[in-house]
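**Q** Below is one structure. I have some questions about it.
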Amino acid sequence: MKRILDIALGIVTSVGGFLEIGSIATAAQAGASFGFQLAWAIALGTVCIAFLVEMGGRFAAVSKHTIADAMRERFGVPFFTTLTVVMLGVSLLVLAAEVGGVGAALKMATGLPIPVWAIPVALVAWGLLWYTTFGVIENGVSILGLVTVAFVVGAVKLHPNYGEVARGFIPSLPKEDAAKYWFTAVSILGASISPYLFFFYSSGAIEDKWDETYLWSNRAIATIGMGFGGFLSVAVLVLAAMIFHPHNIDVEHYQQLPELLSPILGRPGFWLVVASLAIACLGATLEIALALAYLVAQGLGWTWGENVKPRQDARFCLLYTVLVFAASIFSLVGVDPLKMTQISMSLTAASLPIGVLPFLVLMNDKSYLHDHTNRIAGNIVVMFISLLASVLAIISIPLQIVGSS
Amino acid sequence: MNLVSEVLDEQLCDSKGKPAGRVDGIVLELRDDKPPRVAYVEVSPITFLSRLSRRLAWWYAPRDRRFGEGRGVPFRIPWTRLTRSGPSLQMDIDSEATPIVAVEDWLRRHIVEHIPGG
Amino acid sequence: MKILEVHVERLLGRKVIDSEGRTVGRIEEMRAEVVDGELAVTEFHLGSAALLERVGSVVIQLPLFRLFGSTKPARNVPWNLVDLSDPRHPRLRGRLDEIGTPISRSDRPSRPS
């Protein structure tokens, strides 16, 4: 019985991890600009991250090492340092976008400008990390995150032509605006396949003391959790496709996001979008800050853990503190959250190979995984993801420059 | 045992099981007619940095001294004081008695303990 | 008597040259055993490309990579045949063809968990 509860909570957490400003914004922009046409990109991103997360969980449960531990032990200091520097740089920008996302939600709720909210949001995030445990964060924010189901409710109420939606899952070429199409597709992939997610997940598995008996739970959580998160993104895409696309409106300001639900659900719709954005972005803020602190602490051999009191792991706790407040500076000086989201998603896509390629090696390492190394199918998927990641790495930044203008 | 895959970069823990950094370096003692002896394991940001760039390590070393007694040079643990304990290597020393905890201690005393409710 | 110390992590990846200037391989691993009550390095495991070898046989054993041709074979060289007096330029005491046959890739070490 406890195991079922564990799985349910794990699924909810995965959903929370999946849906954040990146996936909401990119899905909304995709729906507004291209109707249902880019649903395949969301599906592709979801499948990829589900595989990566399952592998991360399996790795931790079987080897009792986190991915960061293994990255240092297997590949040494120069590689680990490069990986960490890249991850810190890129993820700090994503973190800044998430803090901005919470600020944007609060601005829509109160009218007070985002810079006013930068420090308070950072303080709340910091307070949750400093004073609560992993379980509270994992479960609390995730259960609140179920408010995002409102997007599904809204999409269903609009009675979309499900046949047309289904066709969107088949990859197709754009009829016009090719650069923007591919740029949006790349951003969706960057939003879905976030490296911090599998660093976070493997650390979470160790925090929750998983062992080999959790392998099936892990598979359920990874697939259903990520799958459901993808499903929520598709709902946002459908909403944007039906509300913005027919009028040729592009999503360029976060203030447009409540219009995804207010036509259908009225004033409550507005509040549901605001709440969804705030909670999803706050959850992502916590996850990213932790994921980065885990990466550094584990690679350098520090004491770490959310279930450990700050006085016992000072460096770990001060690191996430610095990251959260550093991220809030962007919003404090008035950088637009949507702009930050766009740039950080492209950079994430560009930086994927450095995390995914070594991961492919680790998942075949018998000294860590014994009998649970990847089967052929798993390897083919990760090789495909690595190839995809490498292509994205080359094209995403040029596309960012061309496609967003 | 294999030094690179089983010792280098491994997690260290102290006599109480507390994490105590990672093996940043291994020192061999060369002898004329005998195989090189595995003498010490080094745990230090100086050693860590030297694996990236010797110059960087040279630059950092005097600054490491500021963290307290015993810092400024890489801390060495004699191999004979280490045993394997699960996924880590355990030393039979309390890390509180070594310079390894200097930074953690400083941060705890000067920052963490001033924050209420920790 | 001056004690000469060398660091394992600084030897990692260094090319070993034989007495005639030919490359034998790069140091990728060092095997240590208890000798006369002390742990000592008994063998140096030399491979071809430092980075790829640190990554290890794992990659080579993936079916796809077997297609990419062979890298130079790995060799286990006993400690007494390696001169580390200049740690930056390790030398083989002797000629390449005098040392033993290359070992097969499946004899790779595994790590404790």
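We name chains A, B, ... following the order of the structure tokens; residues begin at 1 in each chain, and ligands are numbered from 1 as shown.
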Do you know which residues are at most 7 Å from segment 11-27 of chain B counting only C-alpha atoms, after dropping those on the same chain fewer than 6 positions away, and could you put them as a compact mmCIF listing (two decimals) with C-alpha atoms, in the first residue's frame?
**A**
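What ended up in out11.txt:
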```
# COMPACT_ATOMS: atom_id res chain seq x y z
CA LEU A 300 33.22 17.43 -4.60
CA GLY A 301 32.32 14.95 -1.87
CA TRP A 302 30.57 17.36 0.50
CA THR A 303 27.87 16.39 2.96
CA VAL B 38 51.09 3.74 -2.52
CA ALA B 39 51.92 6.24 0.18
CA TYR B 40 49.15 8.79 0.58
CA VAL B 41 45.85 9.95 -0.65
CA GLU B 42 45.43 13.73 -1.05
CA VAL B 43 42.26 15.65 -0.30
CA SER B 44 42.48 19.31 -1.17
CA THR B 47 45.15 19.01 -5.75
CA PHE B 48 41.77 19.23 -7.45
CA SER B 88 33.35 4.91 0.09
CA LEU B 89 36.85 4.79 1.46
CA GLN B 90 36.89 5.27 5.20
CA MET B 91 39.71 6.89 7.10
CA ASP B 92 40.26 6.09 10.76
CA ILE B 93 40.47 9.76 11.65
CA ASP B 94 37.72 12.12 12.76
CA SER B 95 37.41 14.74 10.03
CA ILE B 100 39.32 19.03 5.53
CA GLU C 5 57.15 11.14 -5.22
CA VAL C 6 54.84 10.98 -8.18
CA HIS C 7 51.12 11.61 -8.35
CA VAL C 8 48.81 9.03 -9.91
CA GLU C 9 46.47 11.70 -11.26
```
**Q** Fewer than 6 positions away in the same chain doesn't count, so skip those; otherwise give me all residues within 12 Å of Val391 of chain A, counting only C-alpha atoms, as a short mmCIF file (atom, residue, chain, number, x, y, z; two decimals) with C-alpha atoms, in the first residue's frame.
**A**
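Written output follows (out_27.cif):
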```
data_model
loop_
_atom_site.label_atom_id
_atom_site.label_comp_id
_atom_site.auth_asym_id
_atom_site.auth_seq_id
_atom_site.Cartn_x
_atom_site.Cartn_y
_atom_site.Cartn_z
CA VAL A 186 13.91 23.24 -30.63
CA LEU A 189 12.70 20.05 -26.87
CA ALA A 349 19.08 22.39 -25.98
CA ALA A 350 22.59 23.42 -27.01
CA SER A 351 24.17 22.06 -23.84
CA LEU A 352 22.47 18.66 -23.89
CA PRO A 353 25.27 16.58 -25.42
CA PHE A 384 19.05 8.74 -30.64
CA ILE A 385 18.70 11.33 -27.89
CA ILE A 397 21.70 29.13 -31.14
CA PRO A 398 21.68 30.16 -34.80
CA LEU A 399 17.95 29.48 -34.84
#
```
**Q** Taking into account only C-alpha atoms, which residue in the set C:Leu12, C:Val24, C:Ile99, C:Ile3 is nearest to chain A?
**A**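 Checking each of C:Leu12, C:Val24, C:Ile99, C:Ile3 against chain A, counting only C-alpha atoms, the winner is C:Leu12.
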**Q** Excluding Val73 of chain B and its own-chain neighbours fewer than 5 positions away, which residues fall within 9 Å of it when counting only C-alpha atoms? Please give them as a VMD selection string.
**A** chain B and resid 44 46 to 47 61 to 62 64 to 65
**Q** Quick one: contact table of chain A to chain C, 9 Å max, nearest atom pair and distance in Å to one decimal per residue, counting only C-alpha atoms, chain and number order, as a Markdown table?
**A**
```
| residue | atom | partner | partner_atom | distance |
| --- | --- | --- | --- | --- |
| A:Ser63 | CA | C:Ser113 | CA | 6.5 |
| A:Lys64 | CA | C:Ser113 | CA | 7.6 |
| A:His65 | CA | C:Ser113 | CA | 8.5 |
| A:Arg74 | CA | C:Val55 | CA | 6.8 |
| A:Phe75 | CA | C:Val55 | CA | 6.3 |
| A:Gly76 | CA | C:Arg54 | CA | 8.3 |
| A:Pro358 | CA | C:Val55 | CA | 8.6 |
| A:Leu360 | CA | C:Val59 | CA | 8.8 |
| A:Val361 | CA | C:Val59 | CA | 6.1 |
| A:Leu362 | CA | C:Val58 | CA | 8.2 |
| A:Asn364 | CA | C:Val58 | CA | 6.4 |
| A:Asp365 | CA | C:Val58 | CA | 5.9 |
| A:Lys366 | CA | C:Ser110 | CA | 7.6 |
| A:Ser367 | CA | C:Ser110 | CA | 5.0 |
| A:Tyr368 | CA | C:Ser113 | CA | 6.7 |
| A:Asn379 | CA | C:Leu62 | CA | 8.9 |
```
**Q** Give me a file of those residues, with C-alpha atoms, as a PDB file, in the first residue's frame.
**A**
```
ATOM      1  CA  SER A  63      24.346   1.522  -7.808  1.00  0.00           C
ATOM      2  CA  LYS A  64      23.521   3.643  -4.761  1.00  0.00           C
ATOM      3  CA  HIS A  65      25.394   6.439  -6.494  1.00  0.00           C
ATOM      4  CA  ARG A  74      34.159   7.586 -13.996  1.00  0.00           C
ATOM      5  CA  PHE A  75      35.332  10.561 -16.015  1.00  0.00           C
ATOM      6  CA  GLY A  76      37.575  12.486 -13.655  1.00  0.00           C
ATOM      7  CA  PRO A 358      28.471  10.453 -20.850  1.00  0.00           C
ATOM      8  CA  LEU A 360      25.012   6.760 -22.335  1.00  0.00           C
ATOM      9  CA  VAL A 361      28.352   5.379 -21.169  1.00  0.00           C
ATOM     10  CA  LEU A 362      27.280   5.186 -17.525  1.00  0.00           C
ATOM     11  CA  ASN A 364      26.136   0.514 -19.840  1.00  0.00           C
ATOM     12  CA  ASP A 365      28.646   0.287 -17.025  1.00  0.00           C
ATOM     13  CA  LYS A 366      28.299  -3.081 -15.338  1.00  0.00           C
ATOM     14  CA  SER A 367      30.425  -2.048 -12.409  1.00  0.00           C
ATOM     15  CA  TYR A 368      27.650   0.341 -11.366  1.00  0.00           C
ATOM     16  CA  ASN A 379      20.703   2.163 -25.795  1.00  0.00           C
TER      17      ASN A 379
END
```
**Q** Of the candidates B:Glu96, B:Glu29, B:Asp9, B:Glu104, which shows the shortest atom-to-atom distance to chain C, using only C-alpha atoms?
**A**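 Answer, going by the shortest atom-to-atom distance: B:Glu29.
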**Q** If you run DSSP on the backbone here, which positions in segment 150-372 of chain A get alpha helix (DSSP H)? Please write them as number ranges by chain.
**A** A: 150-157, 162-167, 178-192, 195-207, 215-220, 226-243, 262-265, 267-300, 314-332, 337-362, 366-369
**Q** Put those residues in a file: C-alpha atoms, as a short mmCIF file (atom, residue, chain, number, x, y, z; two decimals), in the first residue's frame.
**A**
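Written file, result_24.cif:
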```
data_model
loop_
_atom_site.label_atom_id
_atom_site.label_comp_id
_atom_site.auth_asym_id
_atom_site.auth_seq_id
_atom_site.Cartn_x
_atom_site.Cartn_y
_atom_site.Cartn_z
CA ALA A 150 -7.25 23.18 -15.23
CA PHE A 151 -5.54 23.40 -18.62
CA VAL A 152 -6.86 19.98 -19.53
CA VAL A 153 -10.34 20.89 -18.33
CA GLY A 154 -10.23 24.06 -20.42
CA ALA A 155 -8.97 22.28 -23.52
CA VAL A 156 -11.68 19.63 -23.31
CA LYS A 157 -14.37 22.22 -22.84
CA TYR A 162 -9.46 15.48 -31.94
CA GLY A 163 -8.69 14.21 -35.40
CA GLU A 164 -6.82 17.38 -36.19
CA VAL A 165 -5.06 17.28 -32.83
CA ALA A 166 -3.98 13.71 -33.56
CA ARG A 167 -2.56 14.77 -36.89
CA ALA A 178 10.26 27.75 -41.34
CA ALA A 179 12.88 29.35 -39.11
CA LYS A 180 10.33 30.19 -36.47
CA TYR A 181 8.81 26.69 -36.70
CA TRP A 182 12.09 24.93 -36.11
CA PHE A 183 13.14 27.43 -33.47
CA THR A 184 9.92 26.73 -31.60
CA ALA A 185 10.38 22.97 -32.02
CA VAL A 186 13.91 23.24 -30.63
CA SER A 187 12.68 25.34 -27.70
CA ILE A 188 10.04 22.74 -26.89
CA LEU A 189 12.70 20.05 -26.87
CA GLY A 190 14.95 22.21 -24.70
CA ALA A 191 12.07 22.77 -22.31
CA SER A 192 11.24 19.06 -22.05
CA PRO A 195 19.42 17.85 -17.78
CA TYR A 196 18.73 19.20 -14.31
CA LEU A 197 15.71 16.90 -14.18
CA PHE A 198 17.66 13.69 -14.29
CA PHE A 199 20.35 15.01 -11.92
CA PHE A 200 17.54 15.94 -9.54
CA TYR A 201 15.70 12.66 -9.98
CA SER A 202 18.73 10.46 -9.31
CA SER A 203 19.55 12.49 -6.18
CA GLY A 204 15.93 12.23 -5.10
CA ALA A 205 16.11 8.47 -5.42
CA ILE A 206 19.07 8.47 -3.03
CA GLU A 207 17.33 10.93 -0.66
CA LEU A 215 12.77 -0.55 -10.19
CA TRP A 216 9.19 -1.12 -11.23
CA SER A 217 7.99 1.87 -9.23
CA ASN A 218 10.67 3.88 -10.96
CA ARG A 219 9.43 2.82 -14.38
CA ALA A 220 5.86 3.70 -13.46
CA MET A 226 6.51 12.51 -17.48
CA GLY A 227 3.71 11.32 -19.73
CA PHE A 228 1.14 13.19 -17.76
CA GLY A 229 3.33 16.28 -17.77
CA GLY A 230 3.56 16.05 -21.54
CA PHE A 231 -0.18 15.64 -21.69
CA LEU A 232 -0.60 18.90 -19.75
CA SER A 233 1.72 20.67 -22.19
CA VAL A 234 -0.34 19.42 -25.09
CA ALA A 235 -3.43 20.80 -23.37
CA VAL A 236 -1.76 24.23 -23.27
CA LEU A 237 -0.88 23.87 -26.94
CA VAL A 238 -4.47 22.98 -27.82
CA LEU A 239 -5.79 25.95 -25.87
CA ALA A 240 -3.42 28.34 -27.59
CA ALA A 241 -4.20 26.78 -30.96
CA MET A 242 -7.89 27.33 -30.53
CA ILE A 243 -7.81 30.73 -28.88
CA SER A 262 -10.53 33.08 -19.09
CA PRO A 263 -12.70 32.78 -22.22
CA ILE A 264 -13.79 29.30 -21.14
CA LEU A 265 -13.82 29.45 -17.37
CA ARG A 267 -12.74 34.97 -13.92
CA PRO A 268 -11.82 31.70 -12.14
CA GLY A 269 -9.92 30.85 -15.34
CA PHE A 270 -7.70 33.86 -14.84
CA TRP A 271 -6.90 32.83 -11.27
CA LEU A 272 -6.26 29.24 -12.31
CA VAL A 273 -3.64 30.34 -14.82
CA VAL A 274 -2.03 32.65 -12.29
CA ALA A 275 -1.93 29.89 -9.67
CA SER A 276 -0.66 27.32 -12.17
CA LEU A 277 2.13 29.58 -13.31
CA ALA A 278 3.14 30.55 -9.78
CA ILE A 279 3.15 27.03 -8.39
CA ALA A 280 4.75 25.36 -11.41
CA CYS A 281 7.54 27.94 -11.52
CA LEU A 282 8.11 27.85 -7.78
CA GLY A 283 8.40 24.08 -7.93
CA ALA A 284 10.87 24.35 -10.79
CA THR A 285 12.87 26.96 -8.86
CA LEU A 286 13.27 24.57 -5.96
CA GLU A 287 14.17 21.64 -8.19
CA ILE A 288 16.76 23.48 -10.24
CA ALA A 289 18.45 25.09 -7.24
CA LEU A 290 18.64 21.67 -5.59
CA ALA A 291 19.79 19.92 -8.75
CA LEU A 292 22.72 22.31 -9.13
CA ALA A 293 23.66 22.15 -5.46
CA TYR A 294 23.50 18.34 -5.64
CA LEU A 295 25.76 18.30 -8.69
CA VAL A 296 28.48 20.39 -7.05
CA ALA A 297 28.22 18.85 -3.59
CA GLN A 298 28.23 15.27 -4.82
CA GLY A 299 31.06 15.83 -7.27
CA LEU A 300 33.22 17.43 -4.60
CA ALA A 314 26.71 24.43 5.26
CA ARG A 315 28.37 24.50 1.84
CA PHE A 316 25.49 22.66 0.16
CA CYS A 317 22.87 24.94 1.71
CA LEU A 318 24.75 28.15 1.09
CA LEU A 319 25.26 27.12 -2.51
CA TYR A 320 21.55 26.79 -3.25
CA THR A 321 21.00 30.02 -1.35
CA VAL A 322 23.46 31.88 -3.58
CA LEU A 323 21.91 30.34 -6.69
CA VAL A 324 18.36 31.32 -5.78
CA PHE A 325 19.27 34.91 -4.99
CA ALA A 326 21.58 35.22 -8.00
CA ALA A 327 18.71 34.04 -10.19
CA SER A 328 16.41 36.66 -8.72
CA ILE A 329 18.76 39.46 -9.79
CA PHE A 330 17.60 39.10 -13.38
CA SER A 331 14.01 39.82 -12.42
CA LEU A 332 15.12 42.52 -10.01
CA PRO A 337 10.63 36.42 -18.07
CA LEU A 338 9.47 35.32 -21.49
CA LYS A 339 12.69 36.53 -23.10
CA MET A 340 14.70 34.72 -20.44
CA THR A 341 12.67 31.60 -21.08
CA GLN A 342 13.31 31.66 -24.81
CA ILE A 343 17.05 32.11 -24.44
CA SER A 344 17.44 29.59 -21.64
CA MET A 345 15.52 26.92 -23.55
CA SER A 346 17.79 27.29 -26.59
CA LEU A 347 20.87 27.16 -24.39
CA THR A 348 19.57 24.07 -22.63
CA ALA A 349 19.08 22.39 -25.98
CA ALA A 350 22.59 23.42 -27.01
CA SER A 351 24.17 22.06 -23.84
CA LEU A 352 22.47 18.66 -23.89
CA PRO A 353 25.27 16.58 -25.42
CA ILE A 354 27.62 17.17 -22.51
CA GLY A 355 25.17 15.56 -20.12
CA VAL A 356 23.58 12.93 -22.31
CA LEU A 357 26.60 11.40 -24.05
CA PRO A 358 28.47 10.45 -20.85
CA PHE A 359 25.17 9.25 -19.49
CA LEU A 360 25.01 6.76 -22.33
CA VAL A 361 28.35 5.38 -21.17
CA LEU A 362 27.28 5.19 -17.52
CA LYS A 366 28.30 -3.08 -15.34
CA SER A 367 30.42 -2.05 -12.41
CA TYR A 368 27.65 0.34 -11.37
CA LEU A 369 24.57 -1.35 -12.76
#
```
**Q** For the interface of chain B with chain C (cut-off 7 Å, counting only C-alpha atoms), please tabulate each contacting residue of chain B alongside its nearest pair of atoms and their separation in Å to one decimal, rows sorted by chain and increasing number, as a tab-separated table.
**A**
```
residue	atom	partner	partner_atom	distance
B:Met1	CA	C:Ala32	CA	5.3
B:Asn2	CA	C:Arg31	CA	4.6
B:Leu3	CA	C:Met30	CA	5.5
B:Val4	CA	C:Glu29	CA	5.5
B:Ser5	CA	C:Arg111	CA	6.6
B:Glu6	CA	C:Arg111	CA	5.8
B:Gly25	CA	C:Glu9	CA	5.8
B:Ile26	CA	C:Val8	CA	5.3
B:Val27	CA	C:His7	CA	4.7
B:Leu28	CA	C:Val6	CA	5.3
B:Glu29	CA	C:Glu5	CA	4.7
B:Leu30	CA	C:Leu4	CA	5.4
B:Pro35	CA	C:Ala40	CA	5.8
B:Pro36	CA	C:Ala40	CA	5.4
B:Arg37	CA	C:Ala40	CA	4.2
B:Val38	CA	C:Ala40	CA	5.3
B:Gly86	CA	C:Ser113	CA	6.2
B:Pro87	CA	C:Ser113	CA	4.9
```
**Q** Can you work out which one of A:Ala61, A:Ile49, A:Leu112, A:Leu83 has the shortest atom-to-atom distance to Lys209 of chain A, counting only C-alpha atoms?
**A**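 Using only C-alpha atoms, Lys209 of chain A sits closest to A:Ala61.
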**Q** In Å, with one decimal, what is the gap from atom CA of Val103 of chain B to atom CA of Val124 of chain A?
**A**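 Computed distance, atom CA of Val103 of chain B to atom CA of Val124 of chain A, equals 26.8 Å.
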**Q** Run DSSP on the backbone of this structure and report the residues of chain B it assigns to strand (DSSP E), as JSON, numbers by chain.
**A** {"B": [11, 12, 13, 19, 20, 21, 22, 25, 26, 27, 28, 29, 30, 37, 38, 39, 40, 41, 42, 43, 75, 76, 77, 78, 82, 83, 84, 85, 88, 89, 90, 91]}
**Q** From the list B:Ala57, B:Thr98, B:Pro116, B:Arg108, which residue is nearest Arg76 of chain B when using only C-alpha atoms?
**A** B:Thr98
**Q** What does the distance from atom CA of Gly94 of chain C to atom CA of Glu20 of chain C come to in Å, to one decimal?
**A**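 Separation of atom CA of Gly94 of chain C and atom CA of Glu20 of chain C: 8.2 Å.
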**Q** Just how far from atom CA of Asp250 of chain A is atom CA of Gly100 of chain A, in Å to one decimal?
**A** 20.2 Å
**Q** From the list B:Pro45, B:Arg63, B:Arg84, B:Glu69, which residue is nearest chain A when using only C-alpha atoms?
**A**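 Smallest separation from chain A among the options: B:Pro45.
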**Q** Do a neighbour search on Arg14 of chain C at 10 Å with only C-alpha atoms, toss out local chain neighbours closer than 6 positions, and write the hits as a PyMOL selection string.
**A** chain C and resi 25-28+46+49-50+87-90
